[in-house]
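Here is the file target_35.cif (mmCIF, C-alpha atoms).
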```cif
data_run
#
loop_
_atom_site.label_atom_id
_atom_site.label_comp_id
_atom_site.auth_asym_id
_atom_site.auth_seq_id
_atom_site.Cartn_x
_atom_site.Cartn_y
_atom_site.Cartn_z
CA MET A 310 212.76 23.92 200.60
CA TYR A 311 210.31 21.05 200.78
CA GLY A 312 212.14 19.73 203.79
CA TYR A 313 211.93 23.11 205.53
CA ILE A 314 208.18 23.34 205.13
CA ARG A 315 207.81 19.77 206.26
CA SER A 316 209.85 20.47 209.38
CA LEU A 317 207.77 23.62 210.11
CA LEU A 318 204.52 21.69 209.88
CA GLY A 319 205.92 19.11 212.19
CA ASN A 320 206.70 21.75 214.82
CA ARG A 321 203.68 21.89 217.13
CA LYS A 322 204.78 25.13 218.79
CA GLY A 323 204.81 26.86 215.44
CA VAL A 324 201.30 25.63 214.61
CA VAL A 325 199.92 26.89 217.94
CA ALA A 326 201.57 30.30 217.46
CA VAL A 327 200.08 30.65 213.99
CA TRP A 328 196.66 29.52 215.25
CA LEU A 329 196.71 32.00 218.13
CA THR A 330 197.76 34.82 215.82
CA VAL A 331 194.90 34.11 213.44
CA SER A 332 192.20 33.53 216.06
CA ALA A 333 193.13 36.15 218.69
CA PRO A 334 191.01 39.02 217.28
CA ALA A 335 187.92 36.81 217.05
CA LEU A 336 188.55 35.49 220.57
CA MET A 337 188.91 39.02 221.96
CA ILE A 338 185.71 40.21 220.27
CA SER A 339 183.89 37.11 221.48
CA ILE A 340 185.07 37.56 225.06
CA GLY A 341 184.30 41.30 224.95
CA ALA A 342 180.85 40.70 223.55
CA GLY A 343 180.22 38.17 226.29
CA VAL A 344 181.32 40.62 228.96
CA GLN A 345 179.16 43.34 227.40
CA ALA A 346 176.18 41.00 227.20
CA GLY A 347 176.63 40.41 230.93
CA GLN A 348 176.74 44.16 231.54
CA TYR A 349 173.55 44.59 229.52
CA ALA A 350 171.85 41.86 231.52
CA VAL A 351 172.80 43.51 234.82
CA ALA A 352 171.70 46.92 233.54
CA ARG A 353 168.35 45.51 232.35
CA SER A 354 167.80 43.93 235.74
CA GLU A 355 168.60 47.20 237.54
CA LEU A 356 166.35 49.12 235.16
CA GLN A 357 163.48 46.69 235.68
CA ILE A 358 163.82 46.96 239.45
CA ALA A 359 163.75 50.77 239.16
CA SER A 360 160.64 50.84 236.96
CA ASP A 361 158.90 48.28 239.21
CA ALA A 362 159.56 50.41 242.29
CA ALA A 363 158.47 53.59 240.50
CA ALA A 364 155.21 52.10 239.19
CA PHE A 365 154.34 50.69 242.61
CA ALA A 366 155.08 54.00 244.34
CA GLY A 367 153.01 55.92 241.80
CA ALA A 368 150.06 53.55 242.16
CA THR A 369 150.23 53.80 245.94
CA ALA A 370 150.26 57.61 245.80
CA LEU A 371 147.39 57.64 243.32
CA GLY A 372 145.24 55.43 245.50
CA ALA A 373 145.87 57.60 248.55
CA SER A 374 145.18 60.98 246.94
CA GLY A 375 143.40 60.44 243.63
CA ASN A 376 145.70 63.10 242.15
CA MET A 377 147.05 61.72 238.86
CA GLN A 378 149.73 64.33 238.27
CA ALA A 379 151.02 64.15 241.83
CA ALA A 380 151.14 60.35 241.58
CA ALA A 381 153.06 60.54 238.30
CA ASN A 382 155.58 62.87 239.96
CA VAL A 383 155.99 60.41 242.83
CA ALA A 384 156.72 57.65 240.30
CA ALA A 385 159.27 59.83 238.49
CA ASN A 386 160.93 60.75 241.80
CA VAL A 387 161.37 57.08 242.73
CA ALA A 388 162.73 56.28 239.27
CA GLU A 389 165.34 59.02 239.64
CA LEU A 390 166.26 57.84 243.14
CA ASN A 391 166.99 54.47 241.56
CA GLY A 392 169.43 55.89 239.04
CA ILE A 393 167.24 56.81 236.07
CA SER A 394 168.25 60.28 234.94
CA GLY A 395 165.52 62.89 234.69
CA SER A 396 165.38 66.40 233.27
CA GLY A 397 165.26 69.85 234.78
CA GLN A 398 161.61 70.31 233.86
CA ARG A 399 158.94 67.64 233.73
CA VAL A 400 156.01 67.89 231.33
CA TRP A 401 152.52 66.71 232.29
CA SER A 402 149.79 66.26 229.68
CA SER A 403 146.34 66.13 231.23
CA ALA A 404 144.92 65.05 227.87
CA SER A 405 146.97 61.85 227.66
CA LYS A 406 147.60 61.67 231.43
CA THR A 407 151.31 61.27 230.73
CA LEU A 408 154.37 62.74 232.45
CA THR A 409 157.63 62.89 230.52
CA ASP A 410 160.94 63.37 232.29
CA SER A 411 163.91 62.69 230.02
CA ASN A 412 164.49 58.93 230.37
CA VAL A 413 161.30 58.34 232.37
CA THR A 414 157.72 58.29 231.09
CA VAL A 415 154.77 57.79 233.45
CA THR A 416 151.28 57.14 232.09
CA VAL A 417 148.07 56.86 234.10
CA GLY A 418 145.35 54.79 232.47
CA PRO A 419 142.65 52.16 232.91
CA GLY A 420 143.25 49.39 235.43
CA VAL A 421 144.55 46.05 234.20
CA THR A 422 142.99 43.67 236.73
CA SER A 423 139.74 45.60 237.25
CA SER A 424 137.87 48.48 235.62
CA ALA A 425 137.49 49.96 239.12
CA ASN A 426 141.26 50.35 239.35
CA THR A 427 143.65 52.79 237.73
CA ALA A 428 147.00 51.70 236.32
CA VAL A 429 150.32 53.54 236.55
CA THR A 430 152.82 52.52 233.87
CA VAL A 431 156.46 53.56 234.07
CA THR A 432 158.78 53.22 231.08
CA ALA A 433 162.46 53.84 231.75
CA SER A 434 165.48 53.82 229.46
CA ARG A 435 169.25 53.96 229.80
CA SER A 436 172.04 54.30 227.23
CA LEU A 437 175.15 52.06 227.40
CA ASN A 438 178.42 52.06 225.54
CA GLY A 439 178.24 49.45 222.78
CA ALA A 440 181.87 49.32 221.57
CA PHE A 441 181.98 45.54 221.12
CA ALA A 442 178.48 45.51 219.65
CA MET A 443 179.72 48.03 217.07
CA MET A 444 182.46 45.62 216.03
CA LEU A 445 179.73 43.12 215.26
CA GLY A 446 177.74 45.58 213.15
CA GLY A 447 175.81 47.35 215.94
CA THR A 448 175.90 50.98 217.08
CA ALA A 449 178.30 52.69 219.45
CA THR A 450 175.51 53.40 221.96
CA GLN A 451 172.90 50.84 222.92
CA THR A 452 169.61 51.88 224.57
CA ILE A 453 167.86 49.47 226.88
CA THR A 454 164.34 49.95 228.20
CA SER A 455 162.02 48.49 230.79
CA SER A 456 158.33 48.93 231.49
CA SER A 457 156.31 48.20 234.62
CA THR A 458 152.61 48.58 235.39
CA ALA A 459 150.97 48.68 238.82
CA ASP A 460 147.24 48.71 239.51
CA SER A 461 145.91 51.15 242.08
CA SER A 462 142.70 50.38 243.89
CA PRO A 463 140.85 53.52 244.99
CA GLY A 464 141.64 54.95 248.38
CA ALA A 465 140.50 58.52 247.80
CA SER A 466 136.76 58.65 247.31
CA GLY A 467 133.79 60.98 247.38
CA GLY A 468 134.36 62.70 244.07
CA GLN A 469 136.23 65.82 243.01
CA PRO A 470 135.47 68.93 245.12
CA CYS A 471 134.47 72.15 243.38
CA LEU A 472 134.54 74.03 246.70
CA LEU A 473 137.37 73.14 249.10
CA ALA A 474 137.93 74.90 252.44
CA LEU A 475 141.27 73.92 253.99
CA ALA A 476 140.88 75.39 257.51
CA THR A 477 140.56 72.67 260.15
CA THR A 478 138.77 74.72 262.82
CA GLY A 479 135.53 76.71 262.96
CA THR A 480 133.34 77.01 259.88
CA GLY A 481 135.10 76.15 256.67
CA ILE A 482 132.17 76.66 254.29
CA GLY A 483 129.38 79.05 255.25
CA MET A 484 126.30 79.80 253.13
CA SER A 485 123.34 82.09 253.68
CA GLY A 486 120.58 83.83 251.76
CA SER A 487 119.38 82.46 248.42
CA THR A 488 122.70 80.92 247.41
CA GLN A 489 122.71 78.61 244.41
CA VAL A 490 125.46 76.03 244.16
CA THR A 491 125.37 73.77 241.14
CA GLY A 492 128.04 71.15 240.63
CA THR A 493 126.55 67.76 239.88
CA ASN A 494 129.95 66.45 238.79
CA CYS A 495 131.74 67.59 241.94
CA THR A 496 131.40 67.96 245.70
CA MET A 497 131.71 70.52 248.50
CA ARG A 498 134.56 69.74 250.90
CA SER A 499 135.39 71.42 254.24
CA ASN A 500 138.15 70.27 256.58
CA SER A 501 136.07 71.73 259.40
CA ASN A 502 132.35 72.54 259.74
CA VAL A 503 129.76 73.43 257.10
CA SER A 504 127.00 75.88 257.97
CA MET A 505 124.03 76.72 255.69
CA SER A 506 121.01 78.94 256.34
CA GLY A 507 118.30 80.81 254.46
CA SER A 508 116.87 79.43 251.24
CA ALA A 509 120.04 78.04 249.70
CA ASN A 510 119.69 75.52 246.88
CA ILE A 511 122.61 73.09 246.86
CA ASN A 512 122.91 70.56 244.05
CA VAL A 513 126.21 68.70 244.25
CA ALA A 514 127.44 65.10 244.22
CA GLY A 515 128.01 65.28 247.97
CA ILE A 516 128.95 67.44 250.95
CA TYR A 517 131.92 66.34 253.09
CA ALA A 518 132.88 67.95 256.39
CA GLY A 519 135.71 67.28 258.79
CA GLY A 520 133.26 68.37 261.49
CA THR A 521 129.49 68.84 261.33
CA ILE A 522 127.01 69.96 258.68
CA ASN A 523 124.54 72.45 260.17
CA THR A 524 121.46 73.73 258.33
CA SER A 525 118.61 76.10 259.17
CA GLY A 526 115.81 77.71 257.19
CA SER A 527 114.48 76.23 253.95
CA ILE A 528 117.68 74.70 252.65
CA SER A 529 117.35 72.40 249.65
CA ILE A 530 120.20 69.92 249.35
CA THR A 531 120.70 67.40 246.58
CA GLY A 532 123.61 65.07 247.24
CA SER A 533 124.88 62.99 250.14
CA GLN A 534 125.83 64.61 253.45
CA ASN A 535 128.94 63.24 255.15
CA GLN A 536 129.96 64.51 258.57
CA ASN A 537 133.18 63.73 260.48
CA ALA A 538 134.82 62.77 257.19
CA GLY A 539 138.35 63.68 258.26
CA THR A 540 140.55 66.14 256.39
CA ILE A 541 142.47 66.28 253.13
CA THR A 542 145.69 68.13 252.36
CA ASP A 543 145.97 70.96 249.86
CA PRO A 544 145.88 69.06 246.53
CA PHE A 545 147.67 71.86 244.69
CA LEU A 546 150.85 71.74 246.73
CA GLY A 547 151.99 69.07 244.29
CA TYR A 548 150.87 70.97 241.17
CA ALA A 549 154.34 71.95 240.00
CA PRO A 550 153.40 74.59 237.35
CA LEU A 551 151.35 76.56 239.89
CA GLN A 552 153.92 76.32 242.66
CA ALA A 553 156.69 77.37 240.26
CA ALA A 554 154.65 80.43 239.24
CA LEU A 555 153.94 81.38 242.85
CA ALA A 556 157.66 81.10 243.63
CA GLY A 557 158.21 84.02 241.23
CA LEU A 558 156.21 86.46 243.36
CA HIS A 559 158.14 89.27 245.08
CA ALA A 560 155.93 91.64 247.11
CA GLY A 561 156.15 95.26 245.96
CA SER A 562 158.04 94.75 242.71
CA GLY A 563 156.66 95.66 239.30
CA THR A 564 154.72 98.65 237.97
CA ALA A 565 151.33 99.72 239.29
CA TYR A 566 148.56 99.62 236.68
CA SER A 567 145.42 101.71 237.03
CA LEU A 568 142.52 102.41 234.66
CA SER A 569 139.63 104.72 235.53
CA GLY A 570 136.77 106.71 234.03
CA SER A 571 135.46 105.29 230.76
CA ASN A 572 138.83 104.41 229.27
CA THR A 573 139.51 101.29 227.22
CA ALA A 574 142.85 99.47 227.21
CA THR A 575 144.63 96.20 226.50
CA ILE A 576 147.56 94.95 228.59
CA ASN A 577 150.08 92.16 228.17
CA PRO A 578 151.38 89.51 230.57
CA GLY A 579 154.12 90.79 232.84
CA THR A 580 154.96 91.90 236.36
CA TYR A 581 152.81 94.50 238.11
CA SER A 582 152.81 95.85 241.65
CA SER A 583 149.01 96.22 241.56
CA ILE A 584 146.05 96.31 239.15
CA ASN A 585 143.15 98.67 239.86
CA LEU A 586 140.08 99.34 237.71
CA SER A 587 137.28 101.77 238.52
CA GLY A 588 134.44 103.58 236.80
CA SER A 589 133.18 102.15 233.52
CA THR A 590 136.54 101.06 232.16
CA ARG A 591 137.03 98.29 229.60
CA LEU A 592 140.18 96.19 229.97
CA THR A 593 141.35 93.28 227.82
CA LEU A 594 144.04 90.90 229.08
CA ASN A 595 146.12 89.16 226.45
CA PRO A 596 146.87 85.45 227.09
CA GLY A 597 149.65 84.60 229.52
CA LEU A 598 150.87 84.94 233.11
CA TYR A 599 150.23 88.13 235.09
CA VAL A 600 152.43 88.43 238.19
CA VAL A 601 150.88 90.97 240.54
CA ASN A 602 153.01 91.74 243.58
CA GLY A 603 150.18 93.48 245.38
CA ASN A 604 146.39 93.82 245.36
CA ILE A 605 143.92 93.43 242.49
CA SER A 606 140.75 95.53 242.57
CA PHE A 607 137.89 95.79 240.05
CA SER A 608 135.17 98.26 241.07
CA GLY A 609 132.35 100.31 239.57
CA SER A 610 130.97 98.96 236.28
CA SER A 611 134.31 97.96 234.84
CA GLN A 612 134.51 95.15 232.31
CA VAL A 613 137.45 92.75 232.09
CA THR A 614 137.89 90.10 229.39
CA GLY A 615 140.63 87.63 228.56
CA THR A 616 141.21 84.05 227.38
CA GLY A 617 144.12 81.86 228.42
CA VAL A 618 144.90 84.07 231.42
CA THR A 619 146.58 83.23 234.75
CA ILE A 620 146.85 85.91 237.45
CA ILE A 621 148.96 85.27 240.56
CA SER A 622 149.26 87.73 243.41
CA THR A 623 150.84 88.40 246.78
CA GLY A 624 147.80 90.47 247.71
CA THR A 625 144.02 90.30 247.71
CA ILE A 626 141.58 89.91 244.83
CA ASN A 627 138.48 92.07 245.22
CA PHE A 628 135.56 92.59 242.83
CA SER A 629 132.79 95.04 243.80
CA GLY A 630 130.03 97.04 242.17
CA SER A 631 128.56 95.77 238.91
CA ASN A 632 131.67 94.35 237.31
CA GLN A 633 131.57 92.07 234.32
CA VAL A 634 134.57 89.78 234.51
CA ASN A 635 134.78 87.36 231.62
CA LEU A 636 138.07 85.50 232.06
CA SER A 637 139.18 81.95 231.38
CA ALA A 638 142.33 80.09 232.36
CA PRO A 639 144.55 78.34 229.83
CA ASN A 640 143.79 74.69 229.20
CA SER A 641 146.48 72.03 228.93
CA THR A 642 146.98 72.62 225.19
CA THR A 643 146.75 76.41 224.99
CA THR A 644 149.20 77.67 227.63
CA THR A 645 151.06 80.67 226.22
CA GLY A 646 153.14 83.39 227.81
CA GLY A 647 153.73 81.37 230.98
CA GLY A 648 150.04 80.76 231.79
CA VAL A 649 149.29 77.82 234.09
CA ALA A 650 146.82 75.23 232.83
CA GLY A 651 143.54 75.47 234.69
CA VAL A 652 144.58 78.32 237.02
CA LEU A 653 142.81 81.68 236.75
CA PHE A 654 143.52 83.45 240.07
CA ALA A 655 145.99 82.43 242.79
CA SER A 656 147.12 84.41 245.81
CA THR A 657 149.59 83.78 248.63
CA SER A 658 148.04 86.49 250.82
CA THR A 659 146.69 85.83 254.31
CA SER A 660 144.11 88.62 253.90
CA SER A 661 140.60 87.84 252.70
CA SER A 662 139.55 88.23 249.06
CA SER A 663 135.98 88.94 247.98
CA MET A 664 133.63 89.06 245.04
CA SER A 665 130.62 91.14 245.95
CA GLY A 666 127.92 93.43 244.64
CA SER A 667 126.14 92.58 241.39
CA SER A 668 129.23 91.30 239.67
CA SER A 669 128.74 89.05 236.67
CA LEU A 670 131.54 86.52 236.64
CA PRO A 671 131.51 84.10 233.72
CA ILE A 672 134.96 82.93 234.74
CA THR A 673 136.61 79.58 234.09
CA GLY A 674 139.40 78.03 236.12
CA LEU A 675 140.79 77.68 239.62
CA ILE A 676 140.51 80.45 242.22
CA TYR A 677 143.16 79.58 244.82
CA THR A 678 143.68 81.43 248.12
CA PRO A 679 144.88 78.65 250.46
CA ASN A 680 146.02 81.02 253.21
CA ALA A 681 142.99 83.30 253.27
CA ALA A 682 139.20 83.37 253.23
CA LEU A 683 137.25 83.86 250.00
CA THR A 684 133.84 85.57 250.12
CA PHE A 685 131.02 85.79 247.56
CA SER A 686 128.19 88.14 248.45
CA GLY A 687 125.39 90.17 246.94
CA SER A 688 124.20 88.90 243.58
CA SER A 689 127.58 87.89 242.23
CA GLY A 690 127.54 84.78 240.13
CA ILE A 691 130.09 82.41 238.64
CA ASN A 692 128.73 80.86 235.49
CA GLY A 693 131.72 79.05 234.07
CA CYS A 694 133.30 75.82 235.30
CA THR A 695 135.15 76.95 238.39
CA GLU A 696 136.96 75.38 241.33
CA LEU A 697 137.36 77.33 244.56
CA VAL A 698 140.11 76.46 247.03
CA ALA A 699 140.56 78.72 250.05
CA SER A 700 141.19 78.64 253.76
CA ARG A 701 137.49 79.41 254.27
CA ILE A 702 134.68 80.01 251.78
CA THR A 703 131.66 82.19 252.52
CA VAL A 704 128.78 82.51 250.08
CA SER A 705 125.80 84.80 250.74
CA GLY A 706 123.03 86.63 248.94
CA SER A 707 122.05 85.17 245.59
CA SER A 708 125.55 84.16 244.60
CA SER A 709 125.99 81.03 242.53
CA THR A 710 128.87 78.80 241.57
CA GLU A 711 129.45 76.00 239.13
CA ALA A 712 132.26 73.56 238.49
CA ASN A 713 134.09 71.07 237.35
CA CYS A 714 137.18 72.03 235.38
CA ALA A 715 139.02 68.73 234.98
CA ALA A 716 139.16 69.26 231.22
CA TYR A 717 141.32 72.34 231.79
CA GLY A 718 144.19 70.30 233.18
CA LEU A 719 143.72 70.77 236.92
CA PRO A 720 144.82 67.90 239.19
CA GLN A 721 142.04 65.51 240.14
CA TYR A 722 141.59 64.34 243.72
CA GLY A 723 138.96 62.92 246.03
CA SER A 724 136.96 64.35 248.91
CA VAL A 725 138.04 61.60 251.31
CA THR A 726 141.51 60.19 251.84
CA GLY A 727 141.39 56.44 252.17
CA SER A 728 143.62 53.40 252.52
CA ALA A 729 144.59 52.37 249.04
CA THR A 730 146.27 49.23 247.73
CA ALA A 731 148.66 48.83 244.84
CA ARG A 732 150.23 45.82 243.19
CA LEU A 733 152.47 45.17 240.19
CA VAL A 734 150.56 43.51 237.38
CA ARG A 735 153.12 43.45 234.58
#
```

Would it be possible to restate this file's structure as structure tokens?
Amino acid sequence: MYGYIRSLLGNRKGVVAVWLTVSAPALMISIGAGVQAGQYAVARSELQIASDAAAFAGATALGASGNMQAAANVAANVAELNGISGSGQRVWSSASKTLTDSNVTVTVGPGVTSSANTAVTVTASRSLNGAFAMMLGGTATQTITSSSTADSSPGASGGQPCLLALATTGTGIGMSGSTQVTGTNCTMRSNSNVSMSGSANINVAGIYAGGTINTSGSISITGSQNQNAGTITDPFLGYAPLQAALAGLHAGSGTAYSLSGSNTATINPGTYSSINLSGSTRLTLNPGLYVVNGNISFSGSSQVTGTGVTIISTGTINFSGSNQVNLSAPNSTTTTGGGVAGVLFASTSTSSSSMSGSSSLPITGLIYTPNAALTFSGSSGINGCTELVASRITVSGSSSTEANCAAYGLPQYGSVTGSATARLVR
């Protein structure tokens, strides 16, 4: 027996076979872990390249437009093009200036290299199979992350418009009579000419015109006047919640709603083919999204109230008589029933909408008619923070407007498109 063991120990082939048998599992795990570590390194490198490209693209877009949400969407688009999976629906928080999209998060914040800049930070993640890591006490799935920040130097300038006329020919913004426009935290912006007459009192951060600014009468203007200032594109084309709501319009569908005499009623969000009020009616709108596939008309001495309301339409929006319209859009934290943050009225119609007579309009939010003119006349007045975006805007009589509604979650943008710069800072 002793001789047998001695002969076995003296057999080198036997020793090697035993050694290989004992060490093979450890060698396989070690080799596998090494291969997996290499895979992780490649994946981290790819992820870093993707987040770098996304942050740079977002910063470039932000500098060109000044629109934080649109820039965040550009960053998320580039991240997805570089292999970072997104979700079916992105979420934008105007409060934290953060867009979340499954494995991509984009945050807009203070500049890193200068307080005059704005930074776009993209954080991306990816999950990898961690089979060999699990053998060593790890988990079956390993998540790797990367983060990149790019500084954007301002390209868009001139401040946020509270009145924006998109038409590029003729008179974009026209004012006459004793018009009062107060918006010290915003500007007036026309892609064409601005014409003012009478005894208008204009107190804004600035007036910007793609053409000329023409005045006559005893006009009082506080704020800079900037002629031949080029044009800007519709800043709300990139506002996804609004565009998604407008996509749900279907002309003619829904039920017509009418209230007349001295009746009082409350209605809920839903789809209507028209909404018409007349006489001395009292109507309350519950919070949410009202889809009106037709015209909206408030006449007589009707009263309309509602908080957290968004109304979109394929038709015109007309107020006349001595209406009292006390409506406010949802803000970024109180959207219910499909309401769109910051948006009160929006129409796809090419026919003009108007607010005339002695209407009292303590309304808050965006009024958006990009394909049609919007007219204020008589003694109508808007007393809430309001932004007006239309093909053309005409204000006459003793009408008044106020703005700025950035706190309600609307995209922010500048009055002048400029050449911006962006660079990765970390």

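Compared by their closest atoms to Pro639 (chain A), and using all atoms listed in the file, the residues A:Ala433, A:Val652, A:Ile621, A:Ala553 rank with A:Val652 nearest.
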
Counting all atoms listed in the file, what is within 7 Å of Asn535 (chain A), bar same-chain residues fewer than 4 positions away, as a PyMOL selection string? chain A and resi 516-518

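One finds CA of Ser610 (chain A) at 12.7 Å from CA of Thr573 (chain A).
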
At most 9 Å from (123.1, 77.4, 250.3), file frame, all atoms listed in the file: which residues, as a compact mmCIF listing (two decimals) with C-alpha atoms, in the coordinates of the input?
```txt
# COMPACT_ATOMS: atom_id res chain seq x y z
CA GLY A 483 129.38 79.05 255.25
CA MET A 484 126.30 79.80 253.13
CA SER A 485 123.34 82.09 253.68
CA GLY A 486 120.58 83.83 251.76
CA SER A 487 119.38 82.46 248.42
CA THR A 488 122.70 80.92 247.41
CA GLN A 489 122.71 78.61 244.41
CA VAL A 490 125.46 76.03 244.16
CA SER A 504 127.00 75.88 257.97
CA MET A 505 124.03 76.72 255.69
CA SER A 506 121.01 78.94 256.34
CA GLY A 507 118.30 80.81 254.46
CA SER A 508 116.87 79.43 251.24
CA ALA A 509 120.04 78.04 249.70
CA ASN A 510 119.69 75.52 246.88
CA ILE A 511 122.61 73.09 246.86
CA THR A 524 121.46 73.73 258.33
CA ILE A 528 117.68 74.70 252.65
CA SER A 529 117.35 72.40 249.65
CA ILE A 530 120.20 69.92 249.35
CA VAL A 704 128.78 82.51 250.08
CA SER A 705 125.80 84.80 250.74
```

Written as a PyMOL selection string, what is the full residue list that the PyMOL selection byres ((chain A and resi 456) around 6) yields on the file shown? chain A and resi 431-432+455+457

Could you list as an NGL selection string every residue that has an atom within 9 Å of (135.7, 90.1, 244.7), using the file's coordinates and counting all atoms listed in the file? :A and (606-608 or 625-629 or 662-666 or 668 or 683-686 or 689)

Polymer residues at most 9 Å from region 584-601 of chain A, only C-alpha atoms, same-chain spacing of 3 or more positions, as a ChimeraX atom specification: /A:554-555,557-581,604-624,632,636,638-639,644-649

Residues matched by the PyMOL selection byres ((chain A and resi 519) around 8) as a ChimeraX atom specification: /A:477,499-502,517-518,520-521,536-540

How would the residues just chosen look if you wrote them out with C-alpha atoms as a PDB file, in the frame of the given file?
```pdb
ATOM      1  CA  THR A 477     140.560  72.670 260.150  1.00  0.00           C
ATOM      2  CA  SER A 499     135.390  71.420 254.240  1.00  0.00           C
ATOM      3  CA  ASN A 500     138.150  70.270 256.580  1.00  0.00           C
ATOM      4  CA  SER A 501     136.070  71.730 259.400  1.00  0.00           C
ATOM      5  CA  ASN A 502     132.350  72.540 259.740  1.00  0.00           C
ATOM      6  CA  TYR A 517     131.920  66.340 253.090  1.00  0.00           C
ATOM      7  CA  ALA A 518     132.880  67.950 256.390  1.00  0.00           C
ATOM      8  CA  GLY A 520     133.260  68.370 261.490  1.00  0.00           C
ATOM      9  CA  THR A 521     129.490  68.840 261.330  1.00  0.00           C
ATOM     10  CA  GLN A 536     129.960  64.510 258.570  1.00  0.00           C
ATOM     11  CA  ASN A 537     133.180  63.730 260.480  1.00  0.00           C
ATOM     12  CA  ALA A 538     134.820  62.770 257.190  1.00  0.00           C
ATOM     13  CA  GLY A 539     138.350  63.680 258.260  1.00  0.00           C
ATOM     14  CA  THR A 540     140.550  66.140 256.390  1.00  0.00           C
TER      15      THR A 540
END
```

Quick check on the file I pasted: which residues fall under the PyMOL selection byres ((chain A and resi 416) around 8)? Write them as a ChimeraX atom specification. /A:381,405-408,414-415,417-418,429-431

Would you save the residues of that selection, restricted to C-alpha atoms, as a PDB file, in the coordinates of the input?
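Contents of part-v6.pdb, as written:
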```pdb
ATOM      1  CA  ALA A 381     153.060  60.540 238.300  1.00  0.00           C
ATOM      2  CA  SER A 405     146.970  61.850 227.660  1.00  0.00           C
ATOM      3  CA  LYS A 406     147.600  61.670 231.430  1.00  0.00           C
ATOM      4  CA  THR A 407     151.310  61.270 230.730  1.00  0.00           C
ATOM      5  CA  LEU A 408     154.370  62.740 232.450  1.00  0.00           C
ATOM      6  CA  THR A 414     157.720  58.290 231.090  1.00  0.00           C
ATOM      7  CA  VAL A 415     154.770  57.790 233.450  1.00  0.00           C
ATOM      8  CA  VAL A 417     148.070  56.860 234.100  1.00  0.00           C
ATOM      9  CA  GLY A 418     145.350  54.790 232.470  1.00  0.00           C
ATOM     10  CA  VAL A 429     150.320  53.540 236.550  1.00  0.00           C
ATOM     11  CA  THR A 430     152.820  52.520 233.870  1.00  0.00           C
ATOM     12  CA  VAL A 431     156.460  53.560 234.070  1.00  0.00           C
TER      13      VAL A 431
END
```

Between A:Pro550, A:Gly630, A:Gly723, A:Pro671, single out the one closest to Gln398 (chain A), counting only C-alpha atoms. A:Pro550

To one decimal place, how far is CA of Gly515 (chain A) from CA of Ala428 (chain A) in Å? 26.1 Å
